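Trainee: Please find coords-v3.csv (CSV, C-alpha atoms) on the next line:
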```csv
chain,number,residue,atom,x,y,z
R,1034,MET,CA,22.0,12.7,34.3
R,1035,THR,CA,20.2,10.9,31.5
R,1036,ASP,CA,19.4,13.0,28.4
R,1037,PRO,CA,15.6,13.2,28.4
R,1038,ARG,CA,15.6,12.7,24.6
R,1039,TYR,CA,17.1,9.3,25.2
R,1040,THR,CA,14.1,8.3,27.4
R,1041,LYS,CA,11.6,9.7,24.9
R,1042,LEU,CA,13.2,7.8,21.9
R,1043,ALA,CA,13.5,4.5,23.9
R,1044,LYS,CA,9.9,4.6,24.9
R,1045,LEU,CA,8.9,5.3,21.3
R,1046,LEU,CA,10.8,2.2,20.1
R,1047,ALA,CA,9.5,-0.1,22.8
R,1048,ASN,CA,5.9,1.0,23.0
R,1049,TYR,CA,5.0,2.4,19.5
R,1050,SER,CA,7.4,0.8,17.0
R,1051,CYS,CA,7.5,-2.8,18.5
R,1052,GLU,CA,4.3,-2.7,20.6
R,1053,LEU,CA,6.0,-4.9,23.2
R,1054,LYS,CA,3.9,-7.0,25.5
R,1055,LYS,CA,4.5,-8.8,28.8
R,1056,GLY,CA,6.6,-12.0,28.4
R,1057,GLN,CA,7.8,-11.2,24.9
R,1058,ALA,CA,11.5,-11.3,24.1
R,1059,ALA,CA,13.2,-8.3,22.4
R,1060,LEU,CA,16.7,-8.5,20.9
R,1061,ILE,CA,18.5,-5.2,21.1
R,1062,ASP,CA,21.3,-5.3,18.5
R,1063,VAL,CA,23.6,-2.3,18.7
R,1064,THR,CA,26.8,-1.2,16.9
R,1065,ASP,CA,28.9,1.6,18.3
R,1066,ILE,CA,26.0,3.0,20.5
R,1067,PRO,CA,26.6,4.8,23.8
R,1068,ASP,CA,25.9,2.6,26.8
R,1069,GLU,CA,23.7,5.4,28.3
R,1070,PHE,CA,21.1,4.9,25.5
R,1071,VAL,CA,21.3,1.1,25.5
R,1072,ILE,CA,20.5,1.2,29.2
R,1073,GLU,CA,17.6,3.5,28.6
R,1074,LEU,CA,16.3,1.1,26.0
R,1075,ILE,CA,16.7,-1.9,28.3
R,1076,ARG,CA,14.6,0.0,30.9
R,1077,ALA,CA,11.9,0.9,28.4
R,1078,VAL,CA,11.7,-2.7,27.2
R,1079,ARG,CA,11.6,-4.0,30.7
R,1080,ALA,CA,8.8,-1.5,31.6
R,1081,THR,CA,6.5,-3.1,29.1
R,1082,GLY,CA,7.0,-6.5,30.8
R,1083,ALA,CA,9.1,-7.8,27.9
R,1084,ILE,CA,12.5,-9.5,28.2
R,1085,PRO,CA,15.4,-7.4,26.9
R,1086,LEU,CA,18.4,-9.2,25.3
R,1087,VAL,CA,21.4,-7.3,24.1
R,1088,GLU,CA,24.0,-7.9,21.4
R,1089,THR,CA,26.9,-5.3,21.4
R,1090,ARG,CA,28.9,-5.0,18.2
R,1091,HIS,CA,31.7,-2.7,17.0
R,1092,SER,CA,32.2,-1.8,13.3
R,1093,ARG,CA,36.0,-2.1,13.3
R,1094,VAL,CA,35.8,-5.5,14.8
R,1095,GLY,CA,33.0,-6.5,12.4
R,1096,ARG,CA,35.2,-5.4,9.5
R,1097,GLU,CA,38.1,-7.6,10.6
R,1098,LEU,CA,35.8,-10.6,11.0
R,1099,LEU,CA,34.5,-10.1,7.5
R,1100,ARG,CA,37.8,-9.4,5.7
R,1101,ASN,CA,39.0,-13.0,5.6
R,1102,THR,CA,35.8,-15.0,6.3
R,1103,ASP,CA,34.8,-18.0,4.3
R,1104,ALA,CA,31.6,-19.9,3.6
R,1105,PRO,CA,31.8,-22.4,6.5
R,1106,ARG,CA,32.2,-19.5,9.0
R,1107,ALA,CA,29.4,-17.6,7.4
R,1108,LYS,CA,27.1,-20.6,7.6
R,1109,LEU,CA,28.0,-21.1,11.3
R,1110,ILE,CA,27.1,-17.5,12.0
R,1111,ALA,CA,23.9,-17.8,10.0
R,1112,GLU,CA,22.9,-20.9,12.0
R,1113,MET,CA,23.6,-19.1,15.3
R,1114,GLU,CA,21.8,-15.9,14.3
R,1115,MET,CA,18.8,-17.8,13.0
R,1116,PHE,CA,18.5,-19.8,16.2
R,1117,ARG,CA,18.4,-16.6,18.3
R,1118,MET,CA,16.1,-14.8,15.9
R,1119,LYS,CA,13.5,-17.6,16.2
R,1120,LYS,CA,13.5,-17.1,20.0
R,1121,VAL,CA,12.5,-13.4,19.9
R,1122,HIS,CA,9.3,-11.5,19.2
R,1123,ALA,CA,11.0,-8.2,18.4
R,1124,PHE,CA,14.3,-6.9,17.0
R,1125,ILE,CA,15.6,-3.4,17.7
R,1126,ALA,CA,18.7,-2.5,15.7
R,1127,LEU,CA,20.7,0.6,16.4
R,1128,ARG,CA,23.6,1.4,14.1
R,1129,GLY,CA,26.3,4.0,15.0
R,1130,SER,CA,29.5,4.4,13.0
R,1131,HIS,CA,32.6,6.5,13.4
R,1132,ASN,CA,33.4,5.8,9.8
R,1133,ALA,CA,30.7,5.0,7.2
R,1134,SER,CA,33.3,3.5,4.9
R,1135,GLU,CA,34.7,1.0,7.4
R,1136,GLY,CA,33.9,-1.9,5.2
R,1137,ALA,CA,35.2,-0.4,2.0
R,1138,ASP,CA,38.2,-2.7,1.8
R,1139,VAL,CA,36.2,-5.9,2.4
R,1140,PRO,CA,36.5,-7.7,-1.0
R,1141,SER,CA,33.3,-7.6,-3.1
R,1142,ALA,CA,33.2,-11.4,-3.5
R,1143,THR,CA,33.4,-11.9,0.2
R,1144,MET,CA,30.5,-9.4,0.8
R,1145,GLN,CA,28.4,-11.2,-1.8
R,1146,MET,CA,29.0,-14.6,-0.3
R,1147,TYR,CA,28.3,-13.4,3.2
R,1148,SER,CA,25.1,-11.5,2.2
R,1149,LYS,CA,23.8,-14.6,0.3
R,1150,ILE,CA,24.4,-16.9,3.3
R,1151,LEU,CA,23.0,-14.5,5.9
R,1152,ARG,CA,19.9,-13.5,3.8
R,1153,PRO,CA,17.6,-16.1,5.3
R,1154,VAL,CA,18.2,-14.6,8.7
R,1155,GLN,CA,17.3,-11.1,7.5
R,1156,ASP,CA,14.2,-12.5,5.7
R,1157,TYR,CA,13.0,-14.2,8.9
R,1158,ARG,CA,13.6,-11.0,10.9
R,1159,VAL,CA,11.7,-8.9,8.3
R,1160,ASN,CA,8.7,-11.3,7.9
R,1161,LYS,CA,8.4,-12.9,11.3
R,1162,THR,CA,9.3,-10.4,14.0
R,1163,ASN,CA,8.3,-6.9,15.0
R,1164,TRP,CA,11.4,-5.0,14.0
R,1165,VAL,CA,12.7,-1.5,13.9
R,1166,VAL,CA,16.0,-0.2,12.6
R,1167,LEU,CA,17.6,3.2,13.3
R,1168,ARG,CA,20.9,5.0,13.1
R,1169,TRP,CA,22.7,6.8,15.9
R,1170,PRO,CA,23.9,10.4,15.5
R,1171,THR,CA,27.7,10.5,15.3
R,1172,PRO,CA,30.2,13.2,14.2
R,1173,SER,CA,30.7,11.4,10.9
R,1174,MET,CA,27.0,11.6,10.2
R,1175,ALA,CA,27.0,15.3,11.1
R,1176,GLN,CA,29.9,15.8,8.8
R,1177,ALA,CA,28.1,14.0,5.9
R,1178,ALA,CA,25.1,16.3,6.6
R,1179,ASN,CA,27.3,19.4,6.6
R,1180,MET,CA,26.2,20.2,10.2
R,1181,SER,CA,27.9,20.7,13.5
R,1182,THR,CA,27.7,17.7,15.8
R,1183,GLU,CA,25.3,19.5,18.3
R,1184,ALA,CA,23.0,20.8,15.5
R,1185,PHE,CA,22.9,17.4,14.0
R,1186,GLU,CA,21.9,15.8,17.3
R,1187,ASP,CA,19.1,18.3,17.7
R,1188,PHE,CA,17.9,17.6,14.1
R,1189,TYR,CA,18.2,13.8,14.8
R,1190,PHE,CA,16.0,13.8,17.8
R,1191,ASP,CA,13.4,16.1,16.2
R,1192,VAL,CA,13.2,13.7,13.2
R,1193,CYS,CA,13.1,10.5,15.2
R,1194,THR,CA,10.5,11.5,17.8
R,1195,LEU,CA,8.0,13.4,15.5
R,1196,ASP,CA,4.3,12.6,15.7
R,1197,TYR,CA,4.3,9.4,13.6
R,1198,ALA,CA,0.7,8.6,14.6
R,1199,LYS,CA,-0.4,11.8,12.8
R,1200,MET,CA,1.7,10.9,9.8
R,1201,ALA,CA,0.1,7.5,9.7
R,1202,ARG,CA,-3.4,9.1,9.4
R,1203,VAL,CA,-2.6,11.5,6.6
R,1204,MET,CA,-0.7,9.0,4.4
R,1205,LYS,CA,-3.7,6.7,4.0
R,1206,PRO,CA,-4.9,8.4,0.8
R,1207,LEU,CA,-1.5,7.8,-0.9
R,1208,GLN,CA,-1.6,4.2,0.2
R,1209,LYS,CA,-5.1,3.8,-1.4
R,1210,ARG,CA,-4.0,5.5,-4.6
R,1211,MET,CA,-0.9,3.4,-4.9
R,1212,THR,CA,-2.8,0.2,-4.3
R,1213,LYS,CA,-5.3,1.1,-7.1
R,1214,ALA,CA,-2.8,2.3,-9.6
R,1215,ASN,CA,-1.5,0.4,-12.6
R,1216,LYS,CA,0.8,2.5,-14.7
R,1217,VAL,CA,3.5,4.7,-13.1
R,1218,ARG,CA,5.7,7.2,-15.0
R,1219,LEU,CA,8.7,9.0,-13.4
R,1220,VAL,CA,10.2,12.0,-15.2
R,1221,ALA,CA,13.2,14.1,-14.1
R,1222,PRO,CA,16.4,15.4,-15.7
R,1223,GLY,CA,18.0,12.3,-17.2
R,1224,THR,CA,15.0,10.2,-16.2
R,1225,ASP,CA,12.0,8.8,-18.1
R,1226,LEU,CA,10.9,5.5,-16.6
R,1227,SER,CA,7.6,3.6,-16.9
R,1228,PHE,CA,6.4,0.5,-15.1
R,1229,SER,CA,3.3,-1.2,-13.6
R,1230,ILE,CA,2.4,-1.7,-10.0
R,1231,LYS,CA,-0.9,-3.4,-10.8
R,1232,GLY,CA,-2.0,-5.8,-8.1
R,1233,LEU,CA,0.7,-4.8,-5.7
R,1234,PRO,CA,-0.4,-3.0,-2.5
R,1235,GLY,CA,0.8,0.4,-1.2
R,1236,ILE,CA,2.5,-0.1,2.2
R,1237,PRO,CA,2.7,2.8,4.6
R,1238,CYS,CA,5.8,3.3,6.7
R,1239,VAL,CA,5.0,5.1,9.9
R,1240,GLY,CA,7.8,4.5,12.4
R,1241,THR,CA,7.1,0.9,13.1
R,1242,ARG,CA,10.0,-0.4,11.0
R,1243,ASN,CA,12.4,2.4,10.4
R,1244,ILE,CA,13.2,5.5,12.5
R,1245,PRO,CA,13.1,8.1,11.0
R,1246,ASP,CA,10.2,7.2,8.7
R,1247,GLY,CA,7.9,8.8,6.2
R,1248,GLU,CA,7.2,6.9,2.9
R,1249,VAL,CA,4.7,4.7,1.1
R,1250,PHE,CA,6.1,2.0,-1.0
R,1251,SER,CA,5.0,-0.5,-3.6
R,1252,CYS,CA,6.8,-2.7,-6.1
R,1253,PRO,CA,7.0,-2.8,-9.9
R,1254,VAL,CA,5.6,-5.8,-11.7
R,1255,LYS,CA,9.0,-7.6,-12.2
R,1256,ASP,CA,9.2,-7.4,-16.0
R,1257,SER,CA,7.4,-4.1,-16.5
R,1258,VAL,CA,10.2,-1.6,-16.0
R,1259,ASN,CA,11.4,0.2,-19.1
R,1260,GLY,CA,13.4,3.4,-19.6
R,1261,VAL,CA,16.1,5.1,-17.7
R,1262,ILE,CA,16.6,6.6,-14.3
R,1263,GLN,CA,19.4,9.0,-13.3
R,1264,TYR,CA,19.8,9.3,-9.5
R,1265,ASN,CA,20.9,12.6,-8.1
R,1266,THR,CA,22.0,11.6,-4.6
R,1267,PRO,CA,25.2,9.8,-3.4
R,1268,THR,CA,24.7,6.3,-1.9
R,1269,ILE,CA,26.9,4.1,0.2
R,1270,TYR,CA,26.7,0.3,-0.3
R,1271,ALA,CA,29.0,-2.2,1.5
R,1272,GLY,CA,31.2,0.7,2.6
R,1273,THR,CA,31.7,2.2,-0.9
R,1274,LYS,CA,30.3,5.5,-2.0
R,1275,PHE,CA,28.7,5.9,-5.4
R,1276,GLU,CA,27.5,9.0,-7.2
R,1277,ASN,CA,25.7,9.8,-10.5
R,1278,ILE,CA,24.3,6.3,-10.8
R,1279,ARG,CA,22.3,5.8,-14.1
R,1280,LEU,CA,20.3,2.6,-14.7
R,1281,GLU,CA,18.8,1.6,-18.0
R,1282,PHE,CA,16.0,-0.9,-18.0
R,1283,ASN,CA,14.4,-3.2,-20.6
R,1284,ALA,CA,11.6,-5.6,-19.7
R,1285,GLY,CA,12.4,-5.1,-16.0
R,1286,LYS,CA,16.1,-5.9,-16.2
R,1287,ILE,CA,19.0,-3.4,-15.7
R,1288,ILE,CA,20.8,-3.7,-19.0
R,1289,LYS,CA,23.2,-0.9,-18.4
R,1290,ALA,CA,24.5,0.6,-15.2
R,1291,THR,CA,27.1,3.5,-14.9
R,1292,GLY,CA,28.2,5.8,-12.1
R,1293,SER,CA,31.3,7.1,-10.3
R,1294,ASN,CA,32.5,3.5,-9.8
R,1295,THR,CA,31.0,1.6,-12.7
R,1296,LYS,CA,33.1,-1.5,-12.2
R,1297,LYS,CA,32.1,-2.0,-8.5
R,1298,LEU,CA,28.5,-1.0,-9.3
R,1299,ASN,CA,28.2,-3.8,-11.8
R,1300,GLU,CA,29.9,-6.3,-9.5
R,1301,ILE,CA,27.2,-5.7,-6.9
R,1302,LEU,CA,24.4,-5.9,-9.6
R,1303,ASP,CA,25.9,-9.2,-10.7
R,1304,THR,CA,25.6,-10.7,-7.1
R,1305,ASP,CA,22.8,-12.8,-8.4
R,1306,ALA,CA,20.1,-12.8,-11.1
R,1307,GLY,CA,17.6,-10.8,-8.9
R,1308,ALA,CA,20.0,-7.9,-8.3
R,1309,ARG,CA,19.3,-6.6,-11.8
R,1310,TYR,CA,15.6,-6.4,-11.2
R,1311,VAL,CA,13.7,-4.1,-8.9
R,1312,GLY,CA,12.1,-4.9,-5.6
R,1313,GLU,CA,10.7,-1.6,-4.4
R,1314,PHE,CA,9.3,1.7,-5.5
R,1315,SER,CA,8.6,4.4,-2.9
R,1316,LEU,CA,7.7,8.0,-2.4
R,1317,GLY,CA,9.4,9.8,0.6
R,1318,PHE,CA,8.0,12.8,2.4
R,1319,ASN,CA,9.5,13.3,5.9
R,1320,PRO,CA,9.3,17.1,6.4
R,1321,TYR,CA,12.4,17.4,8.5
R,1322,ILE,CA,14.7,15.6,6.0
R,1323,MET,CA,15.6,17.8,3.1
R,1324,ASN,CA,19.1,16.8,1.9
R,1325,PRO,CA,21.1,13.6,1.6
R,1326,MET,CA,23.7,12.6,4.1
R,1327,CYS,CA,24.7,9.2,2.6
R,1328,ASP,CA,22.7,7.3,5.2
R,1329,ILE,CA,19.8,5.5,3.5
R,1330,LEU,CA,17.5,5.4,6.6
R,1331,PHE,CA,17.4,9.2,6.3
R,1332,ASP,CA,17.9,9.7,2.6
R,1333,GLU,CA,15.1,7.4,1.5
R,1334,LYS,CA,12.7,9.6,3.5
R,1335,ILE,CA,13.7,12.9,2.1
R,1336,ALA,CA,10.8,15.2,1.4
R,1337,GLY,CA,10.0,15.2,-2.4
R,1338,SER,CA,12.1,12.1,-3.1
R,1339,LEU,CA,11.6,8.7,-4.4
R,1340,HIS,CA,13.6,5.5,-4.3
R,1341,PHE,CA,13.8,2.8,-6.9
R,1342,THR,CA,15.5,-0.3,-5.5
R,1343,PRO,CA,17.4,-3.0,-7.3
R,1344,GLY,CA,17.1,-6.4,-5.6
R,1345,GLN,CA,15.0,-8.2,-3.1
R,1346,ALA,CA,11.3,-7.5,-2.8
R,1347,TYR,CA,9.5,-7.5,0.6
R,1348,GLU,CA,7.0,-10.3,1.3
R,1349,ASP,CA,4.2,-7.8,2.1
R,1350,CYS,CA,4.6,-6.3,-1.4
R,1351,ASP,CA,6.1,-9.1,-3.4
R,1352,ASN,CA,6.7,-9.2,-7.2
R,1353,GLY,CA,8.6,-12.5,-6.8
R,1354,ASN,CA,12.1,-11.0,-7.1
R,1355,ARG,CA,14.7,-12.6,-4.9
R,1356,SER,CA,18.2,-11.4,-4.3
R,1357,ALA,CA,20.9,-10.9,-1.6
R,1358,VAL,CA,20.9,-7.3,-2.7
R,1359,HIS,CA,18.4,-4.6,-1.6
R,1360,TRP,CA,19.9,-1.3,-2.6
R,1361,ASP,CA,17.7,1.8,-2.1
R,1362,MET,CA,18.8,4.5,-4.6
R,1363,VAL,CA,17.3,8.0,-4.2
R,1364,LEU,CA,16.1,10.6,-6.7
R,1365,ILE,CA,15.1,14.0,-5.2
R,1366,GLN,CA,12.5,15.8,-7.4
R,1367,ARG,CA,12.2,19.1,-5.6
R,1368,LYS,CA,12.7,22.2,-7.8
R,1369,GLU,CA,16.1,23.1,-6.4
R,1370,TRP,CA,17.3,19.5,-7.3
R,1371,GLY,CA,16.1,19.8,-10.9
R,1372,GLY,CA,12.4,19.0,-10.4
R,1373,GLY,CA,10.4,16.1,-11.7
R,1374,GLU,CA,7.1,14.5,-12.0
R,1375,VAL,CA,5.3,11.3,-10.7
R,1376,TRP,CA,2.3,10.1,-12.7
R,1377,PHE,CA,-0.3,7.4,-11.7
R,1378,ASP,CA,-2.4,6.2,-14.6
R,1379,GLY,CA,-2.0,9.5,-16.5
R,1380,GLN,CA,-2.7,11.7,-13.5
R,1381,LEU,CA,0.0,14.0,-12.2
R,1382,ILE,CA,0.4,13.0,-8.5
R,1383,ARG,CA,3.5,15.0,-7.6
R,1384,LYS,CA,5.4,17.8,-9.3
R,1385,ASP,CA,8.7,19.2,-8.2
R,1386,GLY,CA,8.3,17.3,-4.9
R,1387,ILE,CA,4.9,18.7,-4.1
R,1388,PHE,CA,1.7,16.5,-4.0
R,1389,LEU,CA,-1.0,18.1,-6.1
R,1390,PRO,CA,-4.3,16.2,-5.5
R,1391,LYS,CA,-6.4,17.6,-2.6
R,1392,ASP,CA,-6.3,14.3,-0.6
R,1393,LEU,CA,-2.5,14.2,-0.8
R,1394,LYS,CA,-1.7,17.8,0.2
R,1395,PRO,CA,-1.5,16.9,3.9
R,1396,LEU,CA,1.7,15.1,3.1
R,1397,ASN,CA,3.5,18.2,1.9
R,1398,PRO,CA,6.1,19.5,4.3
R,1399,GLU,CA,4.2,22.6,5.6
R,1400,ASN,CA,1.4,20.3,6.7
R,1401,LEU,CA,3.3,17.5,8.3
R,1402,LYS,CA,5.6,19.6,10.7
```
Show me this structure written as structure tokens.
Mentor:
Amino acid sequence: MTDPRYTKLAKLLANYSCELKKGQAALIDVTDIPDEFVIELIRAVRATGAIPLVETRHSRVGRELLRNTDAPRAKLIAEMEMFRMKKVHAFIALRGSHNASEGADVPSATMQMYSKILRPVQDYRVNKTNWVVLRWPTPSMAQAANMSTEAFEDFYFDVCTLDYAKMARVMKPLQKRMTKANKVRLVAPGTDLSFSIKGLPGIPCVGTRNIPDGEVFSCPVKDSVNGVIQYNTPTIYAGTKFENIRLEFNAGKIIKATGSNTKKLNEILDTDAGARYVGEFSLGFNPYIMNPMCDILFDEKIAGSLHFTPGQAYEDCDNGNRSAVHWDMVLIQRKEWGGGEVWFDGQLIRKDGIFLPKDLKPLNPENLK
């Protein structure tokens, strides 16, 4: 018997996130996902009249392919992936993993080379298709969240199938405020950072690109960032876990970076010139996600959090920064995490993770659930 939660999530992805129509092609790209859900997703896509295509991957196989790859092979993969991407209207990516650190022993130089060569495929997907990306609940994710497997699965489906249409309505005031704002200041323990977002729009994220969702993002003017930010959540990038990352900025550039693995952190930030500049600033407010689990699709939506992202800017909020890196690093500002403040043009917008202006209060957790 099919889990009814599978059916509900599959329909959300096909009908709401991708808005599939008759005759369109949808590429379903899955890694370590149960066949039962993939089948439900195929059926949901087919029910819209669209054409389902499926790519099945396995993280251990992917690691082995990456470990000793070279530029000619990466270029061949990029050509094949780009050809296929240009044939589809929608891209649905589901990522499961029995081991979040599966790629930890892939050499940094190999990952940098591969990311650079494959970046145009990702850019095309982001800018030219209706796409949505989500994780799949696994025992390793449950462990990272300090939850039992069953409890985590219940949490996962609650988060992923919440009323995103309601969330879309109540985040409009934050979108407007972010679009009108010029100066932003972030304050928290170890953090005092200032920058401008003048002329860059606020972009609402309402379940049409990521599941789970719940953020509004903008982007700093490239050379405007000054000060220091101390992140208080762990992060995994290219299979390596980092903690206590501290970034110091001058005229937009990261001039000093330290953390639990300072050497590898700086190797990643030296991938290219753009990796030391910032491509995204975002406020997260998903009411069901309260604590980090080393999975960025969840962690960047934590209620009362923000993320400040070294690397590539998105085309729909573009400060001109280009990089093979896009690394969402998260700072939680709720009181139990040390507190913090977000200021727009001298007005206190959020304190200790709680929105203060009347038009933004519907985004607080008690109003979104």
Trainee: In terms of the shortest atom-to-atom distance over only C-alpha atoms, which of R:Leu1298, R:Met1174, R:Leu1046, R:Leu1099 is closest to R:Pro1325?
Mentor: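 Once distances to R:Pro1325 are computed over only C-alpha atoms, the minimum belongs to R:Met1174.
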Trainee: Near R:Gln1057, within 9 Å and counting only C-alpha atoms, which residues show up once chain neighbours fewer than 3 positions away are dropped, as a list in words?
Mentor: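 Here the qualifying residues turn out to be Leu1053, Lys1054, Gly1082, Ala1083, Ile1084, Pro1085, Val1121, His1122 and Ala1123 of chain R.
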Trainee: So which one's closest to R:Leu1226, R:Glu1374, R:Asp1156, R:Asp1138, R:Asp1303? Using only C-alpha atoms, please.
Mentor: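 Closest candidate: R:Glu1374.
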Trainee: Give me, as CSV, the closest atom pair and its distance (Å, one decimal) for every residue of stretch 1291-1361 of chain R within a cut-off of 12 Å of stretch 1151-1155 of chain R, counting all atoms listed in the file, rows sorted by chain and rising number.
Mentor:
```
residue,atom,partner,partner_atom,distance
R:Gln1345,CA,R:Arg1152,CA,10.0
R:Tyr1347,CA,R:Gln1155,CA,11.0
R:Arg1355,CA,R:Arg1152,CA,10.2
R:Ser1356,CA,R:Arg1152,CA,8.5
R:Ala1357,CA,R:Arg1152,CA,6.1
R:Val1358,CA,R:Arg1152,CA,9.0
R:His1359,CA,R:Arg1152,CA,10.5
```
Trainee: So which one's closest to R:Ala1126, R:Asp1103, R:Asp1062, R:Glu1348, R:Asp1068? Using all atoms listed in the file, please.
Mentor: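 Among the listed residues, the smallest separation from R:Ala1126 belongs to R:Asp1062.
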Trainee: Do you have the atom CA of R:Met1200-atom CA of R:Leu1045 distance handy?
Mentor: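 These atoms are spaced 14.7 Å apart.
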Trainee: What's the separation between atom CA of R:Thr1089 and atom CA of R:Thr1064, in Å to one decimal place?
Mentor: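 For atom CA of R:Thr1089 relative to atom CA of R:Thr1064, the distance reads 6.1 Å.
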Trainee: Taking only C-alpha atoms into account, name the residue in R:Val1220, R:Val1239, R:Phe1282, R:Ser1141 that is nearest to R:Gln1366.
Mentor: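 The shortest atom-to-atom distance to R:Gln1366 comes from R:Val1220.
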Trainee: Reconstruct N, CA and C atoms of stretch 1122-1133 of chain R; output as a compact mmCIF listing (two decimals), keeping the file's coordinate frame.
Mentor:
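File produced: selection-v6.txt:
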```txt
# COMPACT_ATOMS: atom_id res chain seq x y z
N HIS R 1122 10.48 -12.08 19.81
CA HIS R 1122 9.30 -11.50 19.20
C HIS R 1122 9.65 -10.20 18.44
N ALA R 1123 10.61 -9.47 18.98
CA ALA R 1123 11.00 -8.20 18.40
C ALA R 1123 12.46 -8.02 18.26
N PHE R 1124 12.84 -7.18 17.29
CA PHE R 1124 14.30 -6.90 17.00
C PHE R 1124 14.44 -5.42 16.85
N ILE R 1125 15.29 -4.85 17.70
CA ILE R 1125 15.60 -3.40 17.70
C ILE R 1125 17.05 -3.25 17.33
N ALA R 1126 17.34 -2.69 16.15
CA ALA R 1126 18.70 -2.50 15.70
C ALA R 1126 19.10 -1.05 15.70
N LEU R 1127 20.19 -0.72 16.38
CA LEU R 1127 20.70 0.60 16.40
C LEU R 1127 22.12 0.61 15.82
N ARG R 1128 22.35 1.45 14.81
CA ARG R 1128 23.60 1.40 14.10
C ARG R 1128 24.32 2.79 14.23
N GLY R 1129 25.42 2.81 14.95
CA GLY R 1129 26.30 4.00 15.00
C GLY R 1129 27.53 3.64 14.18
N SER R 1130 28.26 4.65 13.74
CA SER R 1130 29.50 4.40 13.00
C SER R 1130 30.37 5.61 13.04
N HIS R 1131 31.61 5.42 13.45
CA HIS R 1131 32.60 6.50 13.40
C HIS R 1131 33.09 6.73 11.99
N ASN R 1132 32.93 5.70 11.16
CA ASN R 1132 33.40 5.80 9.80
C ASN R 1132 32.47 4.97 8.90
N ALA R 1133 31.66 5.67 8.09
CA ALA R 1133 30.70 5.00 7.20
C ALA R 1133 31.29 4.12 6.18
```
